[in-house]
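Before any comments, here is the structure.
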Protein chains: 4
Amino acid sequence: MRAFVMRQIGQVGFMDKPVPRPGPLDAVVKTTAALICTSDSHTVRGGIGPRENLTLGHEGVGVVHEVGEEVKGFRPGDRVLSGAITPDWGDLASQNGHPSQSGGPLGGFKFANSKDGVFAEYFHVNEADANLAKIPDDVPDEMAVYCADMLSTGFMGAENGHIPIGGTVAVLAQGPVGLMATAGARLRGAGLVIGVESVPGRQRLAREYGADEIVDFTEEDVVERVLDLTQGQGVDTAIEALGADATFQSAIRITKPGGTVSNTGYYGEGEFVRIPRVEWGVGMADKTITTGLCPGGRLRMERLLRILQGRRLDPTPMTTHTFRFEEMERAFEISDKKIEDMVKVLITFP
Amino acid sequence: MRAFVMRQIGQVGFMDKPVPRPGPLDAVVKTTAALICTSDSHTVRGGIGPRENLTLGHEGVGVVHEVGEEVKGFRPGDRVLSGAITPDWGDLASQNGHPSQSGGPLGGFKFANSKDGVFAEYFHVNEADANLAKIPDDVPDEMAVYCADMLSTGFMGAENGHIPIGGTVAVLAQGPVGLMATAGARLRGAGLVIGVESVPGRQRLAREYGADEIVDFTEEDVVERVLDLTQGQGVDTAIEALGADATFQSAIRITKPGGTVSNTGYYGEGEFVRIPRVEWGVGMADKTITTGLCPGGRLRMERLLRILQGRRLDPTPMTTHTFRFEEMERAFEISDKKIEDMVKVLITFP
Amino acid sequence: MRAFVMRQIGQVGFMDKPVPRPGPLDAVVKTTAALICTSDSHTVRGGIGPRENLTLGHEGVGVVHEVGEEVKGFRPGDRVLSGAITPDWGDLASQNGHPSQSGGPLGGFKFANSKDGVFAEYFHVNEADANLAKIPDDVPDEMAVYCADMLSTGFMGAENGHIPIGGTVAVLAQGPVGLMATAGARLRGAGLVIGVESVPGRQRLAREYGADEIVDFTEEDVVERVLDLTQGQGVDTAIEALGADATFQSAIRITKPGGTVSNTGYYGEGEFVRIPRVEWGVGMADKTITTGLCPGGRLRMERLLRILQGRRLDPTPMTTHTFRFEEMERAFEISDKKIEDMVKVLITFP
Amino acid sequence: MRAFVMRQIGQVGFMDKPVPRPGPLDAVVKTTAALICTSDSHTVRGGIGPRENLTLGHEGVGVVHEVGEEVKGFRPGDRVLSGAITPDWGDLASQNGHPSQSGGPLGGFKFANSKDGVFAEYFHVNEADANLAKIPDDVPDEMAVYCADMLSTGFMGAENGHIPIGGTVAVLAQGPVGLMATAGARLRGAGLVIGVESVPGRQRLAREYGADEIVDFTEEDVVERVLDLTQGQGVDTAIEALGADATFQSAIRITKPGGTVSNTGYYGEGEFVRIPRVEWGVGMADKTITTGLCPGGRLRMERLLRILQGRRLDPTPMTTHTFRFEEMERAFEISDKKIEDMVKVLITFP
């Protein structure tokens with residue numbers, strides 16, 4: 001089969017690989033749609049260390065091709081979604097309520113990390129009964145595929161932020177995860193959602209997904225503006241959706257005492273992420289900082305699909321570009337360079 | 001001033017009373033709008049014991065008339081909302097996170113219980129800085145008044161139910177509290193909301209407030225139907241919004257192991273409310289039962305007003321009847337008898 | 001191998017069975033010690049329906065005899081403990097945080113329910129890597145075996161009860177689960193622990209495990225006495241450790257508004273368990289009722305073993321009787337009839 | 001009356017002040033015992049900015065001297081304890097569950113900050129009914145006074161750390177707050193408590209208060225040693241009880257994915273407190289950071305007093321020095337310079 005791989009740090013391309021075979025608990029899925037993620041670019045640049053001929057991609061849907069003998073809930077032909085994160089459910093971290101950390105820190109992140117990813121004609125899913133979900137008939141593939149990472153990570157930002165009904169929320173950066181954090185804040189009942197973003201197309205999407213106010217950090221001071229919008233109190237919840245030291249600092253500054261900074265961003269640079277001491281209340285202002293990695297698993301995916309099925313949200317306006325799998329090189333370049341007002345690039349498979 | 005009172009059990013009418021005066025921390029509000037609540041009828045029938053010439057009503061808004069010398073945040077002329085529950089914020093129960101229970105069980109419930117209520121030209125509010133909220137200019141009185149009890153209690157049903165994003169919820173009974181529980185379930189991100197109701201007008205409102213499915217208990221078996229709608233699993237959260245033994249039992253039965261039964265209903269009859277033993281998992285199915293009394297307080301009211309200001313929800317379609325205060329007797333009769341497809345009766349003041 | 005079985009409802013005895021074989025993820029353990037539980041008697045009396053030649057027992061420790069090919073963490077010869085509950089960790093209920101409910105209500109309860117139990121020379125453990133824990137060298141078998149159910153269930157009563165540091169707790173009934181709930185309440189930092197019990201030997205153990213006060217329900221009114229001990233306020237947490245309607249009612253009555261009734265008892269009789277309406281605050285006093293089934297799994301067992309290893313607690317004074325496996329019939333009779341001041345009967349294996 | 005004040009930054013001494021008078025909700029207490037805190041030294045050095053003739057001290061007990069006309073629960077002659085933090089209970093932050101932040105960040109901290117403290121013959125307590133607690137007869141003043149800050153702050157470190165029963169905890173620094181965090185970790189049921197400390201006298205106290213292991217950072221690498229003691233996994237909870245950037249970094253490093261870093265320390269220096277990026281799991285390892293300021297209030301104080309009354313803990317071994325109020329200058333010098341193996345300095349009043 002054809003697979004789009006990271007040959008080594010800095011280099012991508014197609015190669016042929018054998019179709020994977022499932023172990024007793026696993027499944028192999030024939031890919032029908034996938035999304036390119038910023039993380040794929042991080043990976044290619046060496047963000048998780050050297051890899052050789054590793055198939056990229058972790059956001060994919062498809063049709064079950066083959067299942068292991070112990071798989072009970074899925075059969076060949078089922079339309080399925082896999083979470084980007086596919087935990088080992090018996091692991092101690094999973095038993096502790098943190099399946100994304102199973103097998104070690106961030107260990108649930110297997111696709112395009114510890115095994116081949118979904119940018120291939122077929123992909124392999126561990127513990128299929130626990131990590132796949134059937135896609136309802138009325139949810140198309142190109143919509144369902146957003147559950148794998150974008151909805152799951154973005155909503156996690158809102159959930160970890162402990163938003164009270166009618167509470168105030170700021171979402172710092174409106175890339176696709178930030179947009180879904182914005183939507184997630186609305187889904188949790190926020191009374192005021194402030195989106196921080198400078199790119200016009202993303203500002204527009206942020207409004208569509210529920211931002212009541214947009215703050216353009218190139219035009220005004222984010223901290224000042226958010227404090228102003230909250231009568232000087234700061235927000236109940238600040239969601240960091242970029243992964244930058246400066247943004248994280250703003251998140252601390254705009255959060256009220258007793259509030260929560262909920263992190264979704266991946267920090268790729270520097271030795272430290274820095275907390276501004278005084279605005280953190282010298283360590284005594286009841287400000288909580290939470291972090292997380294995209295929740296996976298069948299239950300999570302079923303719940304996210306229900307959100308789509310119930311028409312609570314349509315993620316497909318984030319699809320700015322669509323390519324066929326054979327055009328993967330051009331597709332990856334657009335995503336990697338963030339050109340042409342790219343938000344999210346969809347890949348379709350024959 | 002004119003006040004509409006419960007003269008004794010079973011008897012209501014107008015009487016003259018002196019305009020109340022505020023203690024040092026209190027305020028007196030000139031009433032502009034109020035809503036009649038089913039609880040007012042419970043009270044008149046003796047639900048909280050005998051009372052003599054007690055002014056009825058606990059859902060009211062108005063304009064500050066006079067404040068005590070220690071009040072800092074409000075001045076005469078401010079348009080304000082008071083929660084139906086006005087806690088003593090320094091009480092041990094408040095310090096324990098349960099302000100509605102301050103001063104004893106249900107002790108935060110003062111209006112038309114331990115002191116005169118809001119069906120009068122003026123009403124008295126204890127701890128004004130903590131129990132009043134300013135009404136934003138763009139929220140009219142007849143909308144704001146729904147925050148006092150209906151939004152606060154209904155949303156509490158959803159909040160106490162620990163609804164996961166994309167989770168399944170059933171709301172048993174679609175009276176005004178049930179309707180706001182339905183809206184609250186949507187505000188918390190439920191993926192499937194099932195409203196149980198037989199009255200057509202309330203079914204229609206339930207759909208408007210977000211019910212995906214309606215179950216009419218006069219036509220089908222509620223337990224069977226809800227299990228069917230959830231692939232036999234039961235719901236994550238069942239919200240009891242009636243206050244009847246049979247409904248409570250259904251709530252237990254339709255809740256999945258690990259799920260929550262969230263009670264908002266007032267149980268007015270019988271020695272016991274009964275849990276069906278086997279469906280409760282013989283006490284071992286991780287099913288949690290939560291209860292509560294309408295949250296009050298300035299913070300709560302500000303958050304609810306923000307929901308209205310952000311146009312998340314419009315409660316005014318629940319207003320089926322509007323009367324002037326002088327027509328209170330007719331208004332009360334309609335509410336009391338639940339005639340003319342009454343959902344909620346609004347009272348306006350000169 | 002020899003196994004002690006329930007031949008049919010009401011009849012127990014020895015029989016020969018083949019030594020079980022592990023599936024790919026499983027283990028077979030050679031039994032070294034086991035405890036008899038009241039639930040074994042419930043089962044024999046038909047509490048979970050008819051069974052034929054089912055090996056009894058769910059509290060056992062031993063030495064790994066054989067493991068499946070996929071098992072990574074255990075080898076033959078390892079001294080191990082299995083939880084009484086052995087969840088399917090990939091199940092939706094487990095992903096939802098309720099592994100004891102995996103595979104359906106109470107579905108994690110497999111030993112002596114859906115498969116053979118531990119009263120045999122060998123027993124089978126599903127998902128061995130997730131459900132076994134190694135016993136530290138300094139914890140003897142006859143101590144470790146208490147983790148399987150007694151510590152796990154008793155402590156769960158305390159954990160689900162949300163006890164604040166310095167809070168007040170009542171534990172209703174001081175059988176072995178109640179005694180471990182008492183110990184658990186102390187482990188969570190309760191400031192006042194009231195044990196309700198009439199049997200002198202159990203009263204003495206209750207004091208040893210941390211009860212500050214003992215209330216003998218045969219001599220005084222429990223509700224009155226507990227209210228008296230808490231200055232009329234009621235307790236923060238009432239733990240029901242018997243499984244009786246009357247006891248459950250007392251638990252509701254002695255719990256303060258905003259407090260929690262935490263259930264550990266198995267209710268074996270009647271159509272309903274009844275909530276006293278008025279003392280429940282007519283459904284509005286912020287009183288929460290939680291339930292649960294003994295948590296299992298490797299992480300839980302490791303944490304409980306750490307409690308023993310750290311000498312926080314010694315459960316072995318509960319062992320009032322010790323028998324060799326060949327004396328099982330006499331042992332079972334004593335446990336079943338609760339004679340000779342029995343608290344817990346230990347079985348040793350050759 | 002005599003008061004021990006901070007004249008200006010860097011300068012302390014006695015002066016005469018009028019005995020304070022209570023407002024309607026307040027009380028004035030005649031001091032009987034007080035403790036000197038490291039924070040008093042921070043304050044004198046300018047940690048909270050310039051102050052002039054401000055009475056120092058926030059840990060005090062005494063006898064009610066006079067109460068305001070609205071005070072219901074206390075009378076002159078009552079032996080009472082006040083929390084170091086005396087919140088405004090009606091404030092929005094209090095309603096939000098964060099009373100220590102009432103009136104702004106850290107605003108509940110009034111003694112020796114926004115008003116005169118307790119190092120005087122009399123001190124003033126706001127909202128007496130909500131901020132005082134009666135001291136039981138069997139708890140002496142010199143024991144009760146530890147509740148005001150040391151127990152409340154130290155235990156908060158354990159409570160915010162979400163310690164599971166049997167979990168692993170490290171407490172970084174064993175000053176008096178760290179020692180009480182160690183005791184608090186035991187009170188929450190930790191299975192392994194590791195105390196980090198180099199001073200022999202504090203190491204000894206740490207063992208007495210429940211540390212199972214002591215790590216001396218002058219002799220071994222803290223991170224390496226804690227990972228070693230937890231089989232490479234890291235702790236469930238790390239409590240920072242010093243307030244230093246380097247210690248905070250260690251806390252992040254030794255915490256397992258899914259674990260909690262609970263901060264009690266006051267950070268007095270530098271623009272930033274720094275999170276080590278990689279060990280924080282690049283912002284994705286489900287590691288939560290919590291902070292807080294000493295909880296105050298009557299309920300909290302009553303619960304802490306119950307811990308003492310129940311003989312769960314004796315804080316008085318931390319009293320290394322006792323002085324009469326007239327010897328305050330020498331007492332303050334010892335505490336300030338941390339000489340003579342000082343842990344805590346008690347001041348007695350005539």
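Chain labels follow the order of the structure tokens: the first chain is A, the next B, and so on; residue numbering restarts at 1 in every chain, and ligands are counted from 1 in their shown order.
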
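Interface residues on chain C toward chain D (cut-off 7 Å, only C-alpha atoms): Ile165, Gly166, Gly167, Leu187, Arg188, Gly189, Gly191, Leu192, Arg303, Leu304, Arg306, Ile307 and Gly310 of chain C.
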
Print the selection's residues with N, CA and C atoms to a file, as a PDB file, in the first residue's frame.
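Contents of out18.pdb, as written:
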```pdb
ATOM      1  N   ILE C 165     -11.381  17.416  55.724  1.00  0.00           N
ATOM      2  CA  ILE C 165     -10.470  17.306  56.866  1.00  0.00           C
ATOM      3  C   ILE C 165     -11.161  17.931  58.078  1.00  0.00           C
ATOM      4  N   GLY C 166     -11.203  17.175  59.165  1.00  0.00           N
ATOM      5  CA  GLY C 166     -11.854  17.670  60.362  1.00  0.00           C
ATOM      6  C   GLY C 166     -13.360  17.504  60.354  1.00  0.00           C
ATOM      7  N   GLY C 167     -13.901  16.887  59.315  1.00  0.00           N
ATOM      8  CA  GLY C 167     -15.341  16.712  59.213  1.00  0.00           C
ATOM      9  C   GLY C 167     -15.875  15.642  60.154  1.00  0.00           C
ATOM     10  N   LEU C 187      -8.514   7.720  57.707  1.00  0.00           N
ATOM     11  CA  LEU C 187      -7.486   7.939  56.676  1.00  0.00           C
ATOM     12  C   LEU C 187      -7.772   9.174  55.830  1.00  0.00           C
ATOM     13  N   ARG C 188      -9.022   9.594  55.744  1.00  0.00           N
ATOM     14  CA  ARG C 188      -9.354  10.811  54.996  1.00  0.00           C
ATOM     15  C   ARG C 188      -9.354  12.041  55.869  1.00  0.00           C
ATOM     16  N   GLY C 189      -9.060  11.869  57.172  1.00  0.00           N
ATOM     17  CA  GLY C 189      -8.903  13.042  58.020  1.00  0.00           C
ATOM     18  C   GLY C 189     -10.142  13.480  58.772  1.00  0.00           C
ATOM     19  N   GLY C 191     -12.593  14.432  61.601  1.00  0.00           N
ATOM     20  CA  GLY C 191     -12.300  14.944  62.934  1.00  0.00           C
ATOM     21  C   GLY C 191     -13.115  14.263  64.013  1.00  0.00           C
ATOM     22  N   LEU C 192     -14.238  13.696  63.636  1.00  0.00           N
ATOM     23  CA  LEU C 192     -15.089  12.960  64.583  1.00  0.00           C
ATOM     24  C   LEU C 192     -15.682  11.788  63.825  1.00  0.00           C
ATOM     25  N   ARG C 303      -2.180   0.635  45.708  1.00  0.00           N
ATOM     26  CA  ARG C 303      -2.338   1.702  46.711  1.00  0.00           C
ATOM     27  C   ARG C 303      -2.768   1.132  48.064  1.00  0.00           C
ATOM     28  N   LEU C 304      -3.627   0.141  48.040  1.00  0.00           N
ATOM     29  CA  LEU C 304      -4.076  -0.454  49.303  1.00  0.00           C
ATOM     30  C   LEU C 304      -2.918  -1.210  49.961  1.00  0.00           C
ATOM     31  N   ARG C 306       0.112  -0.439  49.718  1.00  0.00           N
ATOM     32  CA  ARG C 306       1.001   0.586  50.274  1.00  0.00           C
ATOM     33  C   ARG C 306       0.514   1.041  51.662  1.00  0.00           C
ATOM     34  N   ILE C 307      -0.788   1.090  51.821  1.00  0.00           N
ATOM     35  CA  ILE C 307      -1.361   1.416  53.145  1.00  0.00           C
ATOM     36  C   ILE C 307      -0.908   0.372  54.180  1.00  0.00           C
ATOM     37  N   GLY C 310       2.956   0.592  54.710  1.00  0.00           N
ATOM     38  CA  GLY C 310       3.304   1.764  55.513  1.00  0.00           C
ATOM     39  C   GLY C 310       2.776   1.673  56.935  1.00  0.00           C
TER      40      GLY C 310
END
```

Closest contacts (segment 230-336 of chain B/segment 264-273 of chain C, max 12 Å, only C-alpha atoms) as a Markdown table:
```
| residue | atom | partner | partner_atom | distance |
| --- | --- | --- | --- | --- |
| B:Asp245 | CA | C:Phe272 | CA | 11.4 |
| B:Ala246 | CA | C:Phe272 | CA | 11.9 |
| B:Gln249 | CA | C:Phe272 | CA | 9.5 |
| B:Ile252 | CA | C:Phe272 | CA | 11.5 |
| B:Phe272 | CA | C:Val273 | CA | 9.4 |
| B:Val273 | CA | C:Val273 | CA | 8.8 |
| B:Arg274 | CA | C:Phe272 | CA | 5.8 |
| B:Ile275 | CA | C:Val273 | CA | 5.1 |
| B:Pro276 | CA | C:Phe272 | CA | 4.6 |
| B:Arg277 | CA | C:Phe272 | CA | 4.9 |
| B:Val278 | CA | C:Glu271 | CA | 7.4 |
| B:Glu279 | CA | C:Phe272 | CA | 9.7 |
| B:Trp280 | CA | C:Val273 | CA | 9.1 |
| B:Gly281 | CA | C:Tyr267 | CA | 8.8 |
| B:Val282 | CA | C:Tyr267 | CA | 5.0 |
| B:Gly283 | CA | C:Tyr266 | CA | 5.7 |
| B:Met284 | CA | C:Tyr266 | CA | 6.8 |
| B:Ala285 | CA | C:Tyr266 | CA | 10.3 |
| B:Asp286 | CA | C:Thr264 | CA | 10.1 |
```

What's around Thr247 of chain A at 10 Å? Count only C-alpha atoms, leave out sequence neighbours fewer than 6 positions away in its own chain, and write the answer as number ranges by chain. A: 172-173, 222, 239-241, 253, 265

Take the residues from that selection and write them out as a JSON list (two decimals), in the first residue's frame, keeping C-alpha atoms.
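And here's part-v9.json as it stands now:
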```json
[["chain", "number", "residue", "atom", "x", "y", "z"],
["A", 172, "LEU", "CA", -5.95, 32.55, 23.22],
["A", 173, "ALA", "CA", -5.39, 31.80, 19.52],
["A", 222, "VAL", "CA", -4.64, 41.54, 25.24],
["A", 239, "ILE", "CA", -7.63, 28.56, 27.43],
["A", 240, "GLU", "CA", -4.13, 28.58, 25.95],
["A", 241, "ALA", "CA", -4.45, 27.18, 22.43],
["A", 253, "ARG", "CA", -2.50, 37.51, 33.76],
["A", 265, "GLY", "CA", -1.03, 24.09, 23.45]]
```

Running DSSP on the backbone, which parts of segment 139-270 of chain D land in alpha helix (DSSP H), as an MDAnalysis selection string? chainID D and resid 141:144 150:160 176:187 200:208 222:229 245:254

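Considering only C-alpha atoms, the residue among A:Ala33, A:Ala244, A:Ala206, A:Ala93 positioned nearest to Pro105 of chain A is A:Ala93.
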
As a PyMOL selection string, list the residues of segment 27-216 of chain C assigned to strand (DSSP E or B) by DSSP on the backbone atoms of this structure. chain C and resi 27-36+54-55+59-67+79-82+111+115+120+122-125+132-134+168-172+192-196+213-215

Would you save the residues from that selection as a short mmCIF file (atom, residue, chain, number, x, y, z; two decimals), in the first residue's frame, using N, CA and C atoms?
```cif
data_model
loop_
_atom_site.label_atom_id
_atom_site.label_comp_id
_atom_site.auth_asym_id
_atom_site.auth_seq_id
_atom_site.Cartn_x
_atom_site.Cartn_y
_atom_site.Cartn_z
N ALA C 27 -4.17 -14.75 33.74
CA ALA C 27 -3.25 -15.52 34.57
C ALA C 27 -4.04 -16.53 35.37
N VAL C 28 -3.35 -17.59 35.78
CA VAL C 28 -3.91 -18.54 36.73
C VAL C 28 -3.03 -18.50 37.98
N VAL C 29 -3.70 -18.39 39.12
CA VAL C 29 -3.00 -18.19 40.39
C VAL C 29 -3.23 -19.40 41.28
N LYS C 30 -2.16 -19.88 41.91
CA LYS C 30 -2.27 -20.94 42.92
C LYS C 30 -2.59 -20.26 44.25
N THR C 31 -3.74 -20.59 44.79
CA THR C 31 -4.27 -19.90 45.97
C THR C 31 -3.45 -20.21 47.22
N THR C 32 -3.16 -19.15 47.99
CA THR C 32 -2.49 -19.37 49.27
C THR C 32 -3.35 -18.93 50.46
N ALA C 33 -4.21 -17.97 50.26
CA ALA C 33 -5.08 -17.53 51.35
C ALA C 33 -6.34 -16.90 50.76
N ALA C 34 -7.43 -17.03 51.49
CA ALA C 34 -8.69 -16.45 51.03
C ALA C 34 -9.52 -16.08 52.26
N LEU C 35 -10.49 -15.20 52.03
CA LEU C 35 -11.41 -14.82 53.10
C LEU C 35 -12.83 -15.13 52.66
N ILE C 36 -13.66 -15.54 53.62
CA ILE C 36 -15.07 -15.73 53.33
C ILE C 36 -15.79 -14.41 53.55
N LEU C 54 -20.83 -23.63 40.95
CA LEU C 54 -20.00 -22.43 40.81
C LEU C 54 -19.03 -22.35 41.99
N THR C 55 -17.75 -22.23 41.71
CA THR C 55 -16.78 -22.07 42.79
C THR C 55 -17.02 -20.74 43.48
N GLU C 59 -12.25 -13.16 47.52
CA GLU C 59 -11.13 -12.50 48.19
C GLU C 59 -9.99 -13.50 48.30
N GLY C 60 -9.00 -13.38 47.43
CA GLY C 60 -7.93 -14.37 47.44
C GLY C 60 -6.58 -13.82 47.04
N VAL C 61 -5.55 -14.43 47.54
CA VAL C 61 -4.17 -14.14 47.11
C VAL C 61 -3.48 -15.47 46.80
N GLY C 62 -2.33 -15.38 46.15
CA GLY C 62 -1.62 -16.61 45.83
C GLY C 62 -0.34 -16.35 45.07
N VAL C 63 0.06 -17.37 44.33
CA VAL C 63 1.31 -17.31 43.58
C VAL C 63 0.96 -17.58 42.12
N VAL C 64 1.50 -16.76 41.23
CA VAL C 64 1.18 -16.96 39.82
C VAL C 64 1.64 -18.35 39.38
N HIS C 65 0.72 -19.06 38.74
CA HIS C 65 0.99 -20.42 38.27
C HIS C 65 1.29 -20.43 36.78
N GLU C 66 0.51 -19.66 36.03
CA GLU C 66 0.68 -19.65 34.56
C GLU C 66 0.14 -18.32 34.04
N VAL C 67 0.78 -17.78 33.03
CA VAL C 67 0.27 -16.54 32.42
C VAL C 67 0.09 -16.71 30.91
N ARG C 79 4.23 -13.51 43.93
CA ARG C 79 3.16 -13.45 44.94
C ARG C 79 2.21 -12.32 44.56
N VAL C 80 0.94 -12.65 44.42
CA VAL C 80 0.01 -11.66 43.88
C VAL C 80 -1.31 -11.60 44.62
N LEU C 81 -1.93 -10.44 44.47
CA LEU C 81 -3.26 -10.14 44.97
C LEU C 81 -4.12 -9.77 43.78
N SER C 82 -5.35 -10.27 43.78
CA SER C 82 -6.32 -9.81 42.78
C SER C 82 -7.44 -9.09 43.50
N PHE C 111 -15.79 -13.05 39.87
CA PHE C 111 -15.52 -14.21 40.73
C PHE C 111 -16.81 -14.66 41.41
N LYS C 115 -18.04 -16.24 36.74
CA LYS C 115 -17.06 -17.32 36.55
C LYS C 115 -16.66 -17.86 37.92
N ALA C 120 -10.57 -22.38 45.68
CA ALA C 120 -10.10 -23.55 44.92
C ALA C 120 -8.58 -23.50 44.95
N TYR C 122 -6.63 -23.35 42.56
CA TYR C 122 -6.18 -22.38 41.55
C TYR C 122 -7.35 -21.50 41.15
N PHE C 123 -7.06 -20.27 40.81
CA PHE C 123 -8.13 -19.42 40.25
C PHE C 123 -7.61 -18.60 39.08
N HIS C 124 -8.54 -18.23 38.23
CA HIS C 124 -8.24 -17.56 36.95
C HIS C 124 -8.51 -16.06 37.08
N VAL C 125 -7.60 -15.24 36.55
CA VAL C 125 -7.75 -13.78 36.61
C VAL C 125 -7.70 -13.20 35.20
N LEU C 132 -4.00 -7.75 38.56
CA LEU C 132 -3.16 -8.30 39.62
C LEU C 132 -2.22 -7.23 40.16
N ALA C 133 -1.76 -7.44 41.39
CA ALA C 133 -0.72 -6.58 41.95
C ALA C 133 0.23 -7.46 42.72
N LYS C 134 1.52 -7.13 42.64
CA LYS C 134 2.51 -7.90 43.40
C LYS C 134 2.43 -7.52 44.88
N THR C 168 -17.20 15.55 60.22
CA THR C 168 -17.87 14.58 61.09
C THR C 168 -18.46 13.46 60.26
N VAL C 169 -18.27 12.24 60.74
CA VAL C 169 -18.68 11.06 59.97
C VAL C 169 -19.37 10.07 60.90
N ALA C 170 -20.43 9.46 60.41
CA ALA C 170 -21.02 8.32 61.11
C ALA C 170 -20.95 7.11 60.19
N VAL C 171 -20.56 5.97 60.75
CA VAL C 171 -20.52 4.73 59.98
C VAL C 171 -21.54 3.79 60.61
N LEU C 172 -22.57 3.47 59.81
CA LEU C 172 -23.69 2.69 60.35
C LEU C 172 -23.46 1.21 60.10
N LEU C 192 -14.24 13.70 63.64
CA LEU C 192 -15.09 12.96 64.58
C LEU C 192 -15.68 11.79 63.82
N VAL C 193 -15.44 10.58 64.32
CA VAL C 193 -15.98 9.38 63.69
C VAL C 193 -16.87 8.66 64.70
N ILE C 194 -18.12 8.49 64.31
CA ILE C 194 -19.10 7.84 65.17
C ILE C 194 -19.42 6.48 64.57
N GLY C 195 -19.20 5.43 65.34
CA GLY C 195 -19.53 4.09 64.87
C GLY C 195 -20.82 3.62 65.50
N VAL C 196 -21.73 3.12 64.66
CA VAL C 196 -23.00 2.60 65.17
C VAL C 196 -22.90 1.08 65.17
N GLU C 213 -16.56 7.75 68.93
CA GLU C 213 -17.76 7.51 69.72
C GLU C 213 -18.45 6.27 69.17
N ILE C 214 -19.07 5.51 70.07
CA ILE C 214 -19.84 4.34 69.65
C ILE C 214 -21.29 4.57 70.05
N VAL C 215 -22.18 4.35 69.12
CA VAL C 215 -23.61 4.44 69.43
C VAL C 215 -24.20 3.04 69.29
#
```

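Of the listed residues A:Gly157, A:Gly210, A:Gly297, A:Gly104, the one whose atoms come nearest to Gly232 of chain D is A:Gly104, with distances taken using only C-alpha atoms.
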
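In this model, the gap between atom CA of Asn96 of chain C and atom CA of Thr153 of chain C comes to 19.5 Å.
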
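From atom CA of His98 of chain D back to atom CA of Thr290 of chain D, the distance works out to 12.9 Å.
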
Could you work out how far atom CA of Ala181 of chain D lies from atom CA of His58 of chain D, giving the answer in Å with one decimal? 19.3 Å

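Contact shell of segment 201-205 of chain C at 8 Å (only C-alpha atoms; same-chain neighbours under 5 positions omitted): C:Gln174, C:Gly175, C:Leu179, C:Gly195, C:Ile214, C:Pro317, C:Met318, C:Asp341, C:Val343.
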